[in-house]
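Accompanying notes for the structure given below.
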Amino acid sequence: MERTLLALRYPLLGLLVLLLPFLIRSNYWIYMFTLVGIYIILAGSLDLIYGYTGLASLGHGAFFGIGAYACGILQVKLGYSIIPAIVLGTLFTCAFSALSGWPMLRIKGPYFALGTLAMGSMVTIVIHNWDSLTGGVSLSGIPLPPTIEFLGLRIDFSEKLPYYYLVYFFVFLSLFLIRRLNRSRLGRAFQAIRENGDLAEALGINILRYKLISFVIASTMAAFAGGLYANYMGSIEPEIAGGHMSFNLLVMIVVGGARTLTGEIVGPLLLWFLPEFLEAAVVYRPLFYGLVLLIVIILVPAGIGGKFRSLSPRLAKWIP
Amino acid sequence: MDSLKSEDRSSLLVVDRLSVNFGRLAAVSELDFNIQAQEIFGLIGPNGAGKTTVFNAITSAVPLSGGTIRFDGQDVSRLKPHQITAAGIVRVHQSANVFPETTVREHVMTGLHCRTATSVLGAVLNTPFCRKEEARGHDKAGELMALALLEDVQGQPASSLTWAQQKRLMVATALATRPKLLLLDEPVAGMNSDEIEEMLDLVAAVRKQGMTVFVIEHNMQVMMRICDRMLVMNYGRKLTEGNPEKISQDPKVIEAYLGYKQK
């Protein structure tokens, strides 16, 4: 009985995501949940670097921003259609992350964090100042995907629902990919690097190579989320690549609980919706994030997911 | 001179004029020795003689200041640590050096890394090759855990094990890299007599599988029992080399190493 229920938790979660729009029946909330979905992809991919591989990156937003801008520029300035734009934008960011990761991943601990922070700032400044390419303060006019007619079914992306499903399809895909990776020899290499880098190397693991693999995969996912974001919002600003964004993503993972699927989902949900329910003004949000982070670090350092898992082994089985 | 004679036979490791300097301090100078395939070769010497530095030099944890190290016919002096492991040399550290949160089974499987090949794509798609490799990995880990008497704790994180269990886990994980030469740095330090016997059984089993063992140990009784040949170091240099009997009677060794017992 328990086994059947355990096996059913993911299909049930999927069903909940499918039915959620019909329960909330509000375009505003569907819009909010769509954005949360994009944040779940971002937080999940950051968990691969931070949680699993143990590299505290403060520049994850940069790859989200580069992905979003590459995809937007390809469509607005160069006239590409959405699918090639997202694919090329993601590939471009993938290459960029490999080139920037190669030197950066040689530096360790706090220096790596500072390096990634600096890179995020540089990316923001470049986007801000390269007006002719990026539109400066904002790049607008990024179109929604065109309406599709498929087997007599008409999918019109100007309604909120289709994009919601599109985003959550990729949420499931990316979380699934992260799980698969972490259950393989690659996941063991990531974990070995996190727990004892010297021993990992002594056991024949090429540390730089596996750090780079983790970093590039996560950055590529973030870039793809950027493409989804750009096309959903229609206009994007340089700040999405900046330090605030990266910091917020890190807060989501720390608060939700690193290395737990629960954390990758609950972190973004909580930090997105709680200020909303508290009707906090946008300017106070960083303050709120800082406060939540402080409370969590002091009281539940393993994060919400980690805390629940540690309560009992029985509960741990239920909380992936 | 001993080393030159034995080089004609099948030398697995040939260390030639090895020097390691830390600034102006010569930790190891002009050290020559070689290790035959399938022997248990011991390295002894007073504290600070440079024993662990020799291990560090072989595994590329410190850069050589001079000399060469040849392993299995290949010059390994300039390889990176992970390449040394791939070439077939693995080292078990003196202190507890484990992945603390990793369960014993996963810990041993981590050692299989350099002998497995599943790629990112293979892992993501969970290809038949990936599944087969994982299954083989679990079998191998099971074997090694049985050998190291760790089957009962296979689901526990490494940090929860006793000191002796952690040491055996380190050996089992090292064995998973399928080494030809196993370096053991003080394998029985801090153990009680039962635990020492368990470790020696493990070393005996390793040797039975045809592996070569290079061991540093302060416990002379243990060294006399297990070693085929020994090298004695003092102040970074070779003092003498030979079988345990010869070593134990060498006046130079008694003076440098066991001297305090005579006083």
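How things are named: the first chain in the structure tokens is A, the next is B, and so on; residues count from 1 in each chain; ligands count from 1 in the order shown.
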
**Report entry** Near-stretch 235-251 of chain A list (8 Å; only C-alpha atoms; drop same-chain fewer than 6 positions) as a ChimeraX atom specification
**Finding:** /A:39,42-43,46,57-66,68-69,117,120-121,123-125,127-128,136-142,267-268,289,293

Requested in this report: With a distance threshold of 7 Å and counting only C-alpha atoms, extract the residues of chain A near chain B and express them as a VMD selection string.
Outcome: chain A and resid 177 180 to 181 184 to 185 188 to 189 192 195 to 196 199 201 to 206

Query - Residue set, stretch 55-163 of chain B restricted to strand (DSSP E or B), as a list in words - result: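 Matching residues for strand (DSSP E or B) in stretch 55-163 of chain B are Gly66, Gly67, Thr68, Ile69, Arg70, Phe71, Gln74, Asp75, Ile89, Val90, Arg91, Val92, Thr103 and Pro157 of chain B.
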
Report task. Kindly give the distance, in Å, that separates atom CA of A:Asp131 and atom CA of A:Gln75, rounded to a single decimal. Result -> 16.1 Å

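Nearest to B:Glu245 of all the residues B:Ile69, B:Leu25, B:Cys227, B:Ile40 is B:Cys227, counting only C-alpha atoms.
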
**Report entry** Test item: residues at most 8 Å from A:Ser219, only C-alpha atoms, excluding those fewer than 3 positions along its chain, as a list in words
**Finding:**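 Skipping anything fewer than 3 positions along the chain leaves Ser45, His60, Phe63, Phe64, Thr93, Cys94, Ser97, Phe215, Val216, Ala222 and Ala223 of chain A.
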
Query - DSSP-assigned alpha helix (DSSP H) among stretch 102-261 of chain A, expressed as a PyMOL selection string - result: chain A and resi 102-104+109-129+131-134+160-182+185-195+197-202+207-233+243-256+261

Query - Shortest interatomic distance to A:Ser174 - which of A:Thr134, A:Ser158, A:Thr220, A:Thr147, counting only C-alpha atoms - result: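 Of A:Thr134, A:Ser158, A:Thr220, A:Thr147, the one nearest A:Ser174 is A:Thr220, counting only C-alpha atoms.
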